[in-house]
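Okay, data37.txt is below, compact mmCIF, C-alpha atoms and all ligand atoms:
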# COMPACT_ATOMS: atom_id res chain seq x y z
CA MET H 1 5.75 19.53 11.43
CA ILE H 2 7.04 19.84 7.89
CA GLU H 3 5.57 17.26 5.55
CA ILE H 4 8.45 15.49 3.82
CA PRO H 5 7.50 14.04 0.46
CA LEU H 6 7.90 10.30 0.01
CA VAL H 7 8.73 10.73 -3.65
CA PHE H 8 12.03 12.42 -4.26
CA ASP H 9 12.29 14.50 -7.40
CA GLU H 10 10.99 11.99 -9.89
CA PRO H 11 11.58 13.35 -13.40
CA PRO H 12 8.43 13.90 -15.49
CA GLN H 13 7.25 10.82 -17.40
CA LYS H 14 6.78 10.79 -21.15
CA LYS H 15 4.30 7.97 -21.30
CA LYS H 16 2.76 5.99 -18.46
CA ALA H 17 3.20 2.23 -18.21
CA PRO H 18 0.08 0.32 -19.27
CA LYS H 19 -2.28 -0.27 -16.37
CA HIS H 20 -2.17 -3.81 -14.96
CA LEU H 21 -4.30 -5.79 -12.55
CA ALA H 22 -1.33 -5.80 -10.15
CA ASP H 23 -1.55 -1.99 -9.85
CA LEU H 24 -4.90 -2.32 -8.12
CA SER H 25 -6.48 -3.75 -4.99
CA PRO H 26 -8.80 -6.75 -5.48
CA ALA H 27 -11.88 -4.49 -5.16
CA GLU H 28 -10.48 -1.99 -7.66
CA ARG H 29 -9.70 -4.81 -10.08
CA LYS H 30 -13.37 -5.74 -10.29
CA ALA H 31 -14.46 -2.15 -10.85
CA TRP H 32 -11.79 -1.71 -13.51
CA ALA H 33 -12.84 -4.89 -15.34
CA ALA H 34 -16.42 -3.58 -15.35
CA GLN H 35 -15.23 -0.21 -16.66
CA LEU H 36 -13.53 -1.99 -19.53
CA GLY H 37 -16.81 -3.69 -20.35
CA PHE H 38 -16.03 -7.14 -18.91
CA GLN H 39 -18.01 -8.91 -16.23
CA PRO H 40 -16.47 -7.95 -12.85
CA PHE H 41 -15.79 -11.60 -11.91
CA ARG H 42 -13.38 -11.82 -14.84
CA ALA H 43 -10.96 -9.86 -12.65
CA SER H 44 -10.76 -12.64 -10.06
CA GLN H 45 -10.54 -15.31 -12.75
CA VAL H 46 -7.60 -13.52 -14.32
CA ALA H 47 -6.05 -12.94 -10.88
CA THR H 48 -6.27 -16.69 -10.26
CA HIS H 49 -4.44 -17.43 -13.50
CA TYR H 50 -1.87 -14.73 -12.78
CA PHE H 51 -1.14 -15.17 -9.06
CA SER H 52 -2.22 -18.76 -8.31
CA HIS H 53 -1.21 -20.53 -11.53
CA LEU H 54 1.45 -18.04 -12.69
CA SER H 55 0.05 -18.63 -16.16
CA ASN H 56 0.79 -16.31 -19.03
CA LYS H 57 -0.90 -18.62 -21.51
CA PRO H 58 -4.44 -17.24 -21.95
CA GLU H 59 -5.18 -19.97 -24.50
CA GLN H 60 -5.31 -22.33 -21.49
CA TRP H 61 -7.68 -20.18 -19.39
CA SER H 62 -10.59 -22.53 -19.89
CA ASP H 63 -12.98 -20.76 -17.50
CA ILE H 64 -13.10 -17.80 -19.90
CA PRO H 65 -14.83 -18.14 -23.29
CA ALA H 66 -12.20 -18.96 -25.91
CA ASP H 67 -12.97 -15.94 -28.08
CA GLN H 68 -12.45 -13.54 -25.15
CA ARG H 69 -9.31 -14.96 -23.53
CA GLU H 70 -6.73 -13.00 -25.49
CA THR H 71 -8.64 -9.72 -25.22
CA ILE H 72 -9.23 -10.01 -21.49
CA ALA H 73 -5.66 -11.15 -20.79
CA ALA H 74 -4.18 -8.32 -22.86
CA ALA H 75 -6.40 -5.75 -21.13
CA LEU H 76 -5.93 -6.85 -17.51
CA THR H 77 -2.44 -8.37 -17.58
CA PRO H 78 -0.51 -6.62 -20.36
CA GLN H 79 3.12 -7.71 -20.58
CA LEU H 80 5.07 -4.95 -18.82
CA ILE H 81 8.59 -6.35 -18.79
CA GLU H 82 10.50 -7.93 -21.63
CA LEU H 83 13.60 -10.03 -21.07
CA VAL H 84 16.72 -8.52 -22.67
CA THR H 85 19.49 -10.73 -21.31
CA THR H 86 19.97 -13.42 -18.71
CA ARG H 87 23.31 -14.17 -17.13
CA THR H 88 23.94 -17.10 -14.85
CA THR H 89 26.65 -18.20 -12.46
CA ASP H 90 27.09 -20.72 -9.59
CA GLY H 91 26.22 -23.51 -12.01
CA GLY H 92 22.96 -21.76 -12.86
CA MET H 93 21.87 -21.36 -9.24
CA THR H 94 22.23 -17.58 -9.55
CA ARG H 95 20.64 -15.88 -12.47
CA LYS H 96 20.39 -12.24 -13.30
CA ASP H 97 17.70 -10.98 -15.63
CA LEU H 98 17.74 -7.65 -17.38
CA TRP H 99 14.27 -6.34 -18.25
CA LYS H 100 13.16 -3.69 -20.68
CA LEU H 101 10.07 -1.68 -19.74
CA HIS H 102 7.49 -0.24 -22.17
CA ASP H 103 9.50 2.96 -22.60
CA GLY H 104 12.86 1.24 -23.13
CA VAL H 105 14.00 1.78 -19.54
CA LEU H 106 16.11 -1.09 -18.15
CA VAL H 107 15.88 -2.73 -14.73
CA GLU H 108 17.24 -5.95 -13.31
CA SER H 109 16.35 -8.73 -10.93
CA VAL H 110 18.43 -11.57 -9.52
CA LEU H 111 17.14 -15.05 -8.73
CA MET H 112 19.18 -17.19 -6.31
CA ARG H 113 18.56 -20.81 -5.37
CA TYR H 114 19.94 -22.03 -2.05
CA THR H 115 19.52 -25.44 -0.43
CA ASP H 116 16.58 -24.28 1.68
CA ARG H 117 15.09 -21.36 -0.23
CA VAL H 118 14.83 -19.42 -3.47
CA THR H 119 15.20 -15.66 -3.25
CA VAL H 120 14.53 -13.01 -5.84
CA CYS H 121 16.10 -9.57 -5.52
CA ILE H 122 13.94 -7.03 -7.33
CA SER H 123 14.10 -3.40 -8.45
CA SER H 124 11.57 -0.85 -7.25
CA GLN H 125 12.83 2.09 -9.31
CA ALA H 126 14.77 2.57 -12.53
CA GLY H 127 17.89 4.18 -11.13
CA CYS H 128 17.84 5.75 -7.69
CA GLY H 129 17.82 9.28 -6.31
CA MET H 130 19.67 8.53 -3.09
CA ASN H 131 23.13 9.05 -4.55
CA CYS H 132 25.15 6.74 -2.30
CA PRO H 133 28.70 7.01 -3.71
CA PHE H 134 29.58 3.28 -3.45
CA CYS H 135 26.46 2.07 -5.29
CA ALA H 136 26.34 1.66 -9.08
CA THR H 137 22.64 2.53 -9.23
CA GLY H 138 23.19 5.67 -7.20
CA GLN H 139 25.69 7.01 -9.72
CA ALA H 140 23.20 7.19 -12.56
CA GLY H 141 20.46 9.04 -10.66
CA LEU H 142 16.74 8.34 -10.77
CA THR H 143 15.12 7.66 -14.12
CA ARG H 144 11.67 6.89 -12.81
CA ASN H 145 9.55 5.02 -10.31
CA LEU H 146 8.31 1.60 -11.35
CA THR H 147 4.60 0.90 -11.17
CA ALA H 148 3.32 -1.84 -8.87
CA GLY H 149 2.67 -3.86 -12.02
CA GLU H 150 6.28 -3.52 -13.16
CA ILE H 151 7.63 -4.56 -9.76
CA THR H 152 5.14 -7.42 -9.40
CA GLU H 153 5.96 -8.69 -12.90
CA GLN H 154 9.59 -9.26 -11.81
CA ILE H 155 8.35 -11.38 -8.91
CA VAL H 156 5.80 -13.33 -10.94
CA ALA H 157 8.45 -14.00 -13.62
CA ALA H 158 10.75 -15.37 -10.90
CA ALA H 159 7.99 -17.52 -9.40
CA ARG H 160 7.18 -18.85 -12.87
CA ALA H 161 10.84 -19.68 -13.54
CA CYS H 162 10.87 -21.68 -10.28
CA GLN H 163 7.63 -23.46 -11.11
CA ASP H 164 8.79 -24.28 -14.64
CA GLY H 165 12.00 -25.83 -13.33
CA GLU H 166 14.29 -23.31 -15.02
CA LEU H 167 16.80 -23.50 -12.17
CA PRO H 168 19.00 -26.58 -11.74
CA GLY H 169 17.49 -28.98 -9.21
CA GLY H 170 14.05 -29.10 -10.78
CA PRO H 171 10.78 -27.29 -10.14
CA THR H 172 10.60 -25.39 -6.88
CA ARG H 173 8.75 -22.50 -5.26
CA LEU H 174 9.85 -18.94 -4.89
CA SER H 175 10.12 -18.43 -1.14
CA ASN H 176 11.83 -15.08 -0.47
CA ILE H 177 11.68 -11.60 -1.93
CA VAL H 178 14.13 -8.82 -1.17
CA PHE H 179 13.78 -5.21 -2.33
CA MET H 180 17.53 -4.89 -2.80
CA GLY H 181 17.81 -4.37 -6.52
CA MET H 182 17.76 -0.95 -8.09
CA GLY H 183 16.01 1.88 -6.31
CA GLU H 184 14.90 3.09 -2.92
CA PRO H 185 11.63 1.27 -2.20
CA LEU H 186 10.33 3.79 0.34
CA ALA H 187 10.79 6.61 -2.18
CA ASN H 188 8.25 4.79 -4.36
CA TYR H 189 5.97 4.16 -1.45
CA SER H 190 2.49 3.45 -2.83
CA ALA H 191 3.68 1.18 -5.66
CA VAL H 192 5.84 -0.76 -3.19
CA VAL H 193 2.99 -1.18 -0.70
CA ARG H 194 0.66 -2.35 -3.48
CA THR H 195 3.36 -4.84 -4.48
CA LEU H 196 3.72 -6.03 -0.88
CA HIS H 197 0.00 -6.80 -0.86
CA ASN H 198 0.37 -8.66 -4.14
CA ILE H 199 3.08 -10.77 -2.52
CA VAL H 200 1.46 -11.57 0.81
CA ASP H 201 -2.26 -11.64 0.00
CA PRO H 202 -3.49 -15.23 -0.21
CA ASN H 203 -4.37 -16.73 -3.63
CA PRO H 204 -6.01 -15.62 -5.79
CA ASP H 205 -5.62 -11.97 -4.74
CA GLY H 206 -1.86 -12.34 -4.37
CA LEU H 207 0.98 -14.86 -4.31
CA GLY H 208 0.39 -15.91 -0.70
CA ILE H 209 4.05 -15.67 0.30
CA SER H 210 4.70 -15.19 4.01
CA ALA H 211 5.50 -11.60 5.02
CA ARG H 212 8.43 -12.80 7.11
CA SER H 213 10.10 -13.92 3.87
CA VAL H 214 9.87 -10.45 2.37
CA THR H 215 12.51 -7.81 3.10
CA VAL H 216 12.22 -4.13 2.31
CA SER H 217 15.66 -2.54 2.36
CA THR H 218 15.87 1.22 2.82
CA VAL H 219 18.45 3.97 3.18
CA GLY H 220 16.37 4.96 6.21
CA LEU H 221 13.53 7.21 5.07
CA VAL H 222 12.04 7.70 8.51
CA ASN H 223 8.64 8.90 7.31
CA GLY H 224 8.39 5.85 5.03
CA ILE H 225 9.33 3.43 7.83
CA GLU H 226 6.74 5.02 10.11
CA LYS H 227 4.05 4.71 7.47
CA LEU H 228 4.98 1.14 6.55
CA MET H 229 4.58 -0.13 10.11
CA ASP H 230 0.92 0.94 10.02
CA GLU H 231 0.09 -0.98 6.83
CA GLY H 232 -0.37 -4.25 8.75
CA ILE H 233 1.90 -6.10 6.32
CA ASN H 234 4.68 -6.87 8.82
CA CYS H 235 7.42 -7.65 6.35
CA THR H 236 11.06 -7.61 7.43
CA LEU H 237 12.82 -4.25 7.43
CA ALA H 238 16.47 -3.80 6.50
CA VAL H 239 18.20 -0.48 7.13
CA SER H 240 21.29 0.39 5.10
CA LEU H 241 23.31 1.98 7.87
CA HIS H 242 26.88 1.42 6.60
CA THR H 243 28.40 3.33 9.50
CA PRO H 244 27.27 4.18 13.03
CA ASP H 245 28.48 7.82 13.00
CA ASP H 246 26.72 10.74 11.33
CA GLU H 247 29.90 12.34 10.09
CA LEU H 248 30.75 9.52 7.69
CA ARG H 249 27.14 8.52 7.04
CA ASP H 250 26.42 12.03 5.74
CA THR H 251 28.76 11.09 2.87
CA LEU H 252 28.08 7.35 2.41
CA VAL H 253 24.30 7.67 2.59
CA PRO H 254 23.63 11.35 1.82
CA ILE H 255 19.99 11.24 2.99
CA ASN H 256 21.55 11.03 6.47
CA ASN H 257 21.67 14.82 6.31
CA ARG H 258 17.89 14.68 6.57
CA PHE H 259 17.40 11.59 8.76
CA ASN H 260 20.38 10.87 10.98
CA VAL H 261 21.55 7.64 12.60
CA ARG H 262 19.67 8.25 15.85
CA GLU H 263 16.40 9.01 14.04
CA VAL H 264 16.73 6.06 11.66
CA LEU H 265 17.40 3.59 14.48
CA ALA H 266 14.49 5.02 16.50
CA ALA H 267 12.18 4.48 13.51
CA ALA H 268 13.48 0.92 13.05
CA ASP H 269 12.91 0.25 16.77
CA ALA H 270 9.35 1.52 16.47
CA TYR H 271 8.87 -0.72 13.43
CA GLU H 272 10.16 -3.69 15.41
CA LYS H 273 7.85 -2.92 18.35
CA LYS H 274 4.80 -2.56 16.17
CA THR H 275 5.41 -5.57 13.90
CA GLY H 276 7.33 -7.89 16.22
CA ARG H 277 9.94 -8.29 13.49
CA ARG H 278 13.63 -8.13 14.22
CA TYR H 279 15.22 -5.78 11.69
CA SER H 280 18.48 -6.03 9.76
CA ILE H 281 21.25 -3.50 9.59
CA GLU H 282 23.01 -3.58 6.22
CA TYR H 283 26.67 -2.66 6.38
CA ALA H 284 28.88 -2.74 3.26
CA LEU H 285 32.44 -3.13 4.51
CA ILE H 286 34.66 -0.67 2.63
CA ARG H 287 38.41 -0.93 3.14
CA ASP H 288 39.77 1.78 5.44
CA ILE H 289 36.57 3.79 5.10
CA ASN H 290 34.05 2.27 7.53
CA ASP H 291 35.76 -0.94 8.71
CA GLN H 292 37.83 0.33 11.68
CA SER H 293 37.47 -1.42 15.04
CA TRP H 294 36.25 1.76 16.72
CA ARG H 295 33.30 1.83 14.32
CA SER H 296 32.49 -1.80 15.09
CA ASP H 297 32.71 -0.92 18.77
CA LEU H 298 30.37 2.04 18.35
CA LEU H 299 27.95 -0.07 16.29
CA GLY H 300 28.02 -2.79 18.96
CA ARG H 301 27.20 -0.26 21.66
CA LEU H 302 24.35 1.19 19.56
CA LEU H 303 22.83 -2.22 18.82
CA LYS H 304 23.48 -4.29 21.93
CA SER H 305 20.09 -3.56 23.46
CA ARG H 306 18.20 -3.50 20.17
CA ASN H 307 16.44 -6.34 18.37
CA ALA H 308 18.60 -6.07 15.27
CA HIS H 309 20.78 -8.34 13.21
CA VAL H 310 23.81 -7.08 11.27
CA ASN H 311 24.38 -8.14 7.67
CA LEU H 312 27.92 -7.36 6.64
CA ILE H 313 28.36 -7.12 2.87
CA PRO H 314 31.89 -7.13 1.45
CA LEU H 315 31.86 -4.09 -0.85
CA ASN H 316 31.23 -4.99 -4.46
CA PRO H 317 33.40 -2.34 -6.12
CA THR H 318 31.65 -0.41 -8.86
CA PRO H 319 33.51 0.29 -12.11
CA GLY H 320 35.96 3.15 -11.63
CA SER H 321 35.50 3.26 -7.88
CA LYS H 322 38.50 3.99 -5.67
CA TRP H 323 36.96 1.90 -2.92
CA THR H 324 37.28 -1.82 -2.40
CA ALA H 325 36.26 -4.56 0.04
CA SER H 326 37.84 -4.79 3.48
CA ARG H 327 40.83 -6.96 4.23
CA ARG H 328 39.96 -10.43 5.53
CA GLU H 329 41.51 -9.70 8.94
CA ASP H 330 39.68 -6.39 9.33
CA GLU H 331 36.40 -8.06 8.45
CA ALA H 332 37.06 -10.81 11.03
CA GLU H 333 37.92 -8.24 13.70
CA PHE H 334 34.78 -6.24 12.87
CA VAL H 335 32.68 -9.38 13.35
CA ARG H 336 34.49 -10.32 16.56
CA ILE H 337 33.85 -6.94 18.18
CA LEU H 338 30.16 -6.93 17.23
CA GLU H 339 29.77 -10.44 18.61
CA SER H 340 31.44 -9.41 21.85
CA TYR H 341 28.41 -7.16 22.37
CA GLY H 342 26.08 -10.09 21.71
CA VAL H 343 24.93 -8.58 18.41
CA PRO H 344 23.94 -11.27 15.87
CA VAL H 345 25.98 -10.83 12.71
CA THR H 346 26.37 -12.60 9.39
CA VAL H 347 28.73 -11.88 6.53
CA ARG H 348 26.62 -12.00 3.41
CA ASP H 349 27.83 -14.29 0.64
CA THR H 350 28.78 -12.57 -2.55
CA ARG H 351 26.61 -14.43 -4.99
CA GLY H 352 26.57 -13.18 -8.50
CA ARG H 353 29.72 -11.07 -8.44
CA GLU H 354 30.91 -12.56 -11.73
CA ILE H 355 27.70 -11.49 -13.41
CA ASP H 356 28.02 -7.94 -12.09
CA GLY H 357 26.39 -8.84 -8.79
CA ALA H 358 23.50 -6.75 -7.73
CA CYS H 359 23.67 -3.00 -7.36
CA GLY H 360 22.79 -1.86 -10.86
CA GLN H 361 25.87 -3.13 -12.57
CA LEU H 362 24.22 -5.17 -15.32
CA ALA H 363 22.00 -2.29 -16.38
CA ALA H 364 25.06 -0.01 -16.31
CA ALA H 365 27.02 -2.46 -18.49
CA GLU H 366 24.14 -2.71 -20.98
CA LYS H 367 23.82 1.07 -21.21
CA GLY H 368 27.53 1.31 -21.94
CA LYS H 369 27.03 -0.87 -25.02
CA GLU H 370 24.44 1.43 -26.59
N1 LIG J 401 17.90 1.59 -1.64
C1 LIG J 401 17.80 0.45 -0.80
C2 LIG J 401 17.89 -0.88 -1.51
C3 LIG J 401 18.92 -1.02 -2.57
S1 LIG J 401 20.43 -1.79 -2.46
C4 LIG J 401 18.86 0.52 0.28
O1 LIG J 401 19.75 1.34 0.17
O2 LIG J 401 18.77 -0.23 1.23
C5 LIG J 401 20.49 -3.08 -1.33
C6 LIG J 401 21.73 -3.05 -0.48
O3 LIG J 401 22.94 -3.15 -1.27
C7 LIG J 401 21.85 -1.76 0.32
O4 LIG J 401 22.21 -2.07 1.63
C8 LIG J 401 22.97 -1.05 -0.40
O5 LIG J 401 23.59 -0.10 0.41
C9 LIG J 401 23.87 -2.20 -0.78
N2 LIG J 401 24.86 -1.86 -1.81
C10 LIG J 401 24.75 -0.96 -2.80
N3 LIG J 401 25.87 -0.90 -3.53
C11 LIG J 401 26.72 -1.79 -3.00
C12 LIG J 401 28.03 -2.22 -3.31
N4 LIG J 401 28.71 -1.68 -4.32
N5 LIG J 401 28.60 -3.19 -2.55
C13 LIG J 401 27.90 -3.74 -1.52
N6 LIG J 401 26.66 -3.38 -1.17
C14 LIG J 401 26.07 -2.42 -1.90
Encoded form using structure tokens:
Amino acid sequence: MIEIPLVFDEPPQKKKAPKHLADLSPAERKAWAAQLGFQPFRASQVATHYFSHLSNKPEQWSDIPADQRETIAAALTPQLIELVTTRTTDGGMTRKDLWKLHDGVLVESVLMRYTDRVTVCISSQAGCGMNCPFCATGQAGLTRNLTAGEITEQIVAAARACQDGELPGGPTRLSNIVFMGMGEPLANYSAVVRTLHNIVDPNPDGLGISARSVTVSTVGLVNGIEKLMDEGINCTLAVSLHTPDDELRDTLVPINNRFNVREVLAAADAYEKKTGRRYSIEYALIRDINDQSWRSDLLGRLLKSRNAHVNLIPLNPTPGSKWTASRREDEAEFVRILESYGVPVTVRDTRGREIDGACGQLAAAEKGKE
């Protein structure tokens, strides 16, 4: 068998991001602290402040001698992301943050408060190498992979914003995490898996968030899906299918030329068997491109005996795109046909459209200003 790399053509890096506790496993953290000349148990103390208390105020870390707090905090938890702009909508219930990384690279995350949960949508790469023509991030290509620290920092910042009551409705807890911001998470495999541990590991090693509330969304990198199911993390998998036929999918999701619809669904089925988790099929409805009834019919036939749920996303048109969202009646017909096969389907709400939604648009707008 040919070994297919999990990292796709990442351009060479000028300067690495500073190393962070969140890049490492709990055991490695101790060894690293010792290497830096600190007592190994400082690593778990700092992890407690970082993951359990979400504290970025070392002056309050009273279990560490006052004259060492700043030094230890700066060494083990250097600030990796700096807020550039925040935009809010839905009366503040949706908030999009644009972050600058140590090398000036921009990424974004979106925090959304609902009645029953708070979800953060995070970026796993700066840009993306998958080149899907309807996606704003895809247009710009891949700048670089994020480190586990840089991905985790987006989540910890979101959790802190919830704890500090920055969203209307008062203090709350971050409950859900979706890897649906910029990037293809399975093309940055090891950093994403390290991040998943940081999310699900109980305090103080991680945030202690339930794996069922974590969704990794992928274009369908079969080798990545197969590896992920063996990690024992059991998070939810979402597959960006966007059409049930290879002919169109070869264009909409170009990696389909390497892993086709049949192979992607087989990998998702195997993931579901191994983890017991129903998976999601992501389907952006694009007017007159992938929203015909025959495609809904084909999708229904493909999914009727599978343990999958379809998430229909009205296309969020990217600047300059010739494509737009489906007509209301076509969307309704698409749903009706899928339901006639007994396939569970939801039409995703379009939170955050006014603030350039998800899909790399804020970073694109910011770049345009430079
Ligand atoms: N690379 C991963 C995750 C990133 S995007 C993936 O492809 O799954 C998360 C979801 O948003 C994907 O399903 C993606 O196809 C979808 N998406 C991207 N651009 C979009 C747009 N303009 N309108 C609607 N959905 C879009």
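Between CA of Phe134 (chain H) and CA of Glu331 (chain H) there is a distance of 17.8 Å.
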Ala73 (chain H) proximity check over H:Ala43, H:Met93, H:Ala308, H:Ile255, using all atoms listed in the file: winner is H:Ala43
Using all atoms listed in the file, tabulate the residues of chain H lying at most 7 Å from any atom of ligand LIG 401 (chain J), each with its closest atom pair and that distance in Å to one decimal, by chain and increasing residue number, as CSV.
residue,atom,partner,partner_atom,distance
H:Phe134,CA,J:LIG401,N4,5.1
H:Cys135,CA,J:LIG401,N3,3.5
H:Ala136,CA,J:LIG401,N3,6.1
H:Phe179,CA,J:LIG401,C2,6.0
H:Met180,CA,J:LIG401,C5,3.8
H:Gly181,CA,J:LIG401,C3,5.3
H:Met182,CA,J:LIG401,C3,5.6
H:Gly183,CA,J:LIG401,N1,5.0
H:Glu184,CA,J:LIG401,N1,3.6
H:Pro185,CA,J:LIG401,N1,6.3
H:Ser217,CA,J:LIG401,O2,4.0
H:Thr218,CA,J:LIG401,O2,3.6
H:Val219,CA,J:LIG401,O1,4.2
H:Ala238,CA,J:LIG401,O2,6.8
H:Val239,CA,J:LIG401,O2,5.9
H:Ser240,CA,J:LIG401,O4,4.4
H:Glu282,CA,J:LIG401,O4,4.9
H:Tyr283,CA,J:LIG401,O4,6.5
H:Ala284,CA,J:LIG401,C13,5.0
H:Ile313,CA,J:LIG401,C13,5.6
H:Pro314,CA,J:LIG401,C13,6.0
H:Leu315,CA,J:LIG401,N5,3.8
H:Asn316,CA,J:LIG401,N5,3.7
H:Pro317,CA,J:LIG401,N4,5.1
H:Thr318,CA,J:LIG401,N4,5.6
H:Cys359,CA,J:LIG401,N3,4.9
Would you compute the distance between CA of Gly169 (chain H) and CA of Thr88 (chain H)? Give it in Å to one decimal.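 Between CA of Gly169 (chain H) and CA of Thr88 (chain H) the gap is 14.6 Å.
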Grab the CA of Glu329 (chain H) to CA of Pro133 (chain H) distance for me, in Å with one decimal place.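 Atom-to-atom, CA of Glu329 (chain H) to CA of Pro133 (chain H), that is 24.6 Å.
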Between H:Thr48, H:Ser321, H:Thr77, H:Ser123, smallest distance to Thr195 (chain H) by all atoms listed in the file belongs to H:Ser123
Among listed residues H:Leu186, H:Ile281, H:Cys162, H:Val178, nearest Cys128 (chain H) (using only C-alpha atoms):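 Comparing H:Leu186, H:Ile281, H:Cys162, H:Val178 against Cys128 (chain H), the winner is H:Leu186.
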Excluding Ala22 (chain H) and its own-chain neighbours fewer than 4 positions away, which residues fall within 8 Å of it when counting only C-alpha atoms? Please give them as JSON, numbers by chain. {"H": [77, 148, 149, 152, 194, 195, 198]}
Compare H:Ser210, H:Asn257, H:Thr137, H:Ser124 by their minimum atom-to-atom distance to Tyr189 (chain H), counting only C-alpha atoms, and give me the closest one.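 Comparing H:Ser210, H:Asn257, H:Thr137, H:Ser124 against Tyr189 (chain H), the winner is H:Ser124.
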Residue contacts of Leu142 (chain H) (7 Å, only C-alpha atoms) excluding same-chain residues fewer than 5 positions away, as a list of chain:residue names: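 Within the cut-off, the hits are H:Glu10, H:Ala126, H:Gly127, H:Cys128, H:Gly129.
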Taking all atoms listed in the file into account, name the residue in H:Gly165, H:Gly170, H:Gly138, H:Pro58 that is nearest to Gln45 (chain H).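 Comparing H:Gly165, H:Gly170, H:Gly138, H:Pro58 against Gln45 (chain H), the winner is H:Pro58.
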Smallest atom-to-atom distance to Ala31 (chain H): which of H:Glu70, H:Leu76, H:Asp246, H:Arg301, using all atoms listed in the file?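 Closest to Ala31 (chain H) of all the choices is H:Leu76.
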List as JSON, numbers by chain the residues having at least one atom at most 7 Å from position (8.7, 6.8, 10.0) as given in the file, counting only C-alpha atoms. {"H": [221, 222, 223, 224, 225, 226, 227, 267]}
Go ahead and find all residues with at least one atom no further than 10 Å from (28.4, -0.1, 8.5) in the file's coordinates, using only C-alpha atoms; report them as a PyMOL selection string. chain H and resi 240-245+248-249+252+281-286+289-292+295-296+299+310-313+334
The selected residues should be written to file as a PDB file, in the coordinates of the input (atoms: C-alpha atoms).
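Final file, result05.pdb:
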ATOM      1  CA  SER H 240      21.290   0.390   5.100  1.00  0.00           C
ATOM      2  CA  LEU H 241      23.310   1.980   7.870  1.00  0.00           C
ATOM      3  CA  HIS H 242      26.880   1.420   6.600  1.00  0.00           C
ATOM      4  CA  THR H 243      28.400   3.330   9.500  1.00  0.00           C
ATOM      5  CA  PRO H 244      27.270   4.180  13.030  1.00  0.00           C
ATOM      6  CA  ASP H 245      28.480   7.820  13.000  1.00  0.00           C
ATOM      7  CA  LEU H 248      30.750   9.520   7.690  1.00  0.00           C
ATOM      8  CA  ARG H 249      27.140   8.520   7.040  1.00  0.00           C
ATOM      9  CA  LEU H 252      28.080   7.350   2.410  1.00  0.00           C
ATOM     10  CA  ILE H 281      21.250  -3.500   9.590  1.00  0.00           C
ATOM     11  CA  GLU H 282      23.010  -3.580   6.220  1.00  0.00           C
ATOM     12  CA  TYR H 283      26.670  -2.660   6.380  1.00  0.00           C
ATOM     13  CA  ALA H 284      28.880  -2.740   3.260  1.00  0.00           C
ATOM     14  CA  LEU H 285      32.440  -3.130   4.510  1.00  0.00           C
ATOM     15  CA  ILE H 286      34.660  -0.670   2.630  1.00  0.00           C
ATOM     16  CA  ILE H 289      36.570   3.790   5.100  1.00  0.00           C
ATOM     17  CA  ASN H 290      34.050   2.270   7.530  1.00  0.00           C
ATOM     18  CA  ASP H 291      35.760  -0.940   8.710  1.00  0.00           C
ATOM     19  CA  GLN H 292      37.830   0.330  11.680  1.00  0.00           C
ATOM     20  CA  ARG H 295      33.300   1.830  14.320  1.00  0.00           C
ATOM     21  CA  SER H 296      32.490  -1.800  15.090  1.00  0.00           C
ATOM     22  CA  LEU H 299      27.950  -0.070  16.290  1.00  0.00           C
ATOM     23  CA  VAL H 310      23.810  -7.080  11.270  1.00  0.00           C
ATOM     24  CA  ASN H 311      24.380  -8.140   7.670  1.00  0.00           C
ATOM     25  CA  LEU H 312      27.920  -7.360   6.640  1.00  0.00           C
ATOM     26  CA  ILE H 313      28.360  -7.120   2.870  1.00  0.00           C
ATOM     27  CA  PHE H 334      34.780  -6.240  12.870  1.00  0.00           C
TER      28      PHE H 334
END
Quick one: everything within 12 Å of Leu174 (chain H), counting all atoms listed in the file, minus sequence neighbours fewer than 5 positions away in the same chain. Send it as a PyMOL selection string. chain H and resi 54+111-114+116-121+154-167+199+207-210+213-214
Keeping only C-alpha atoms, write those residues as a tab-separated table (two decimals), in the coordinates of the input.
chain	number	residue	atom	x	y	z
H	54	LEU	CA	1.45	-18.04	-12.69
H	111	LEU	CA	17.14	-15.05	-8.73
H	112	MET	CA	19.18	-17.19	-6.31
H	113	ARG	CA	18.56	-20.81	-5.37
H	114	TYR	CA	19.94	-22.03	-2.05
H	116	ASP	CA	16.58	-24.28	1.68
H	117	ARG	CA	15.09	-21.36	-0.23
H	118	VAL	CA	14.83	-19.42	-3.47
H	119	THR	CA	15.20	-15.66	-3.25
H	120	VAL	CA	14.53	-13.01	-5.84
H	121	CYS	CA	16.10	-9.57	-5.52
H	154	GLN	CA	9.59	-9.26	-11.81
H	155	ILE	CA	8.35	-11.38	-8.91
H	156	VAL	CA	5.80	-13.33	-10.94
H	157	ALA	CA	8.45	-14.00	-13.62
H	158	ALA	CA	10.75	-15.37	-10.90
H	159	ALA	CA	7.99	-17.52	-9.40
H	160	ARG	CA	7.18	-18.85	-12.87
H	161	ALA	CA	10.84	-19.68	-13.54
H	162	CYS	CA	10.87	-21.68	-10.28
H	163	GLN	CA	7.63	-23.46	-11.11
H	164	ASP	CA	8.79	-24.28	-14.64
H	165	GLY	CA	12.00	-25.83	-13.33
H	166	GLU	CA	14.29	-23.31	-15.02
H	167	LEU	CA	16.80	-23.50	-12.17
H	199	ILE	CA	3.08	-10.77	-2.52
H	207	LEU	CA	0.98	-14.86	-4.31
H	208	GLY	CA	0.39	-15.91	-0.70
H	209	ILE	CA	4.05	-15.67	0.30
H	210	SER	CA	4.70	-15.19	4.01
H	213	SER	CA	10.10	-13.92	3.87
H	214	VAL	CA	9.87	-10.45	2.37
With a cut-off of 7 Å, could you pull out the residues of region 231-318 of chain H touching region 336-342 of chain H and give me the nearest pair of atoms for each, distance in Å to one decimal, using all atoms listed in the file, ordered by chain and ascending number, as a Markdown table?
| residue | atom | partner | partner_atom | distance |
| --- | --- | --- | --- | --- |
| H:Ser296 | CA | H:Leu338 | CA | 6.0 |
| H:Asp297 | CA | H:Ile337 | CA | 6.2 |
| H:Gly300 | CA | H:Leu338 | CA | 5.0 |
| H:Lys304 | CA | H:Tyr341 | CA | 5.7 |
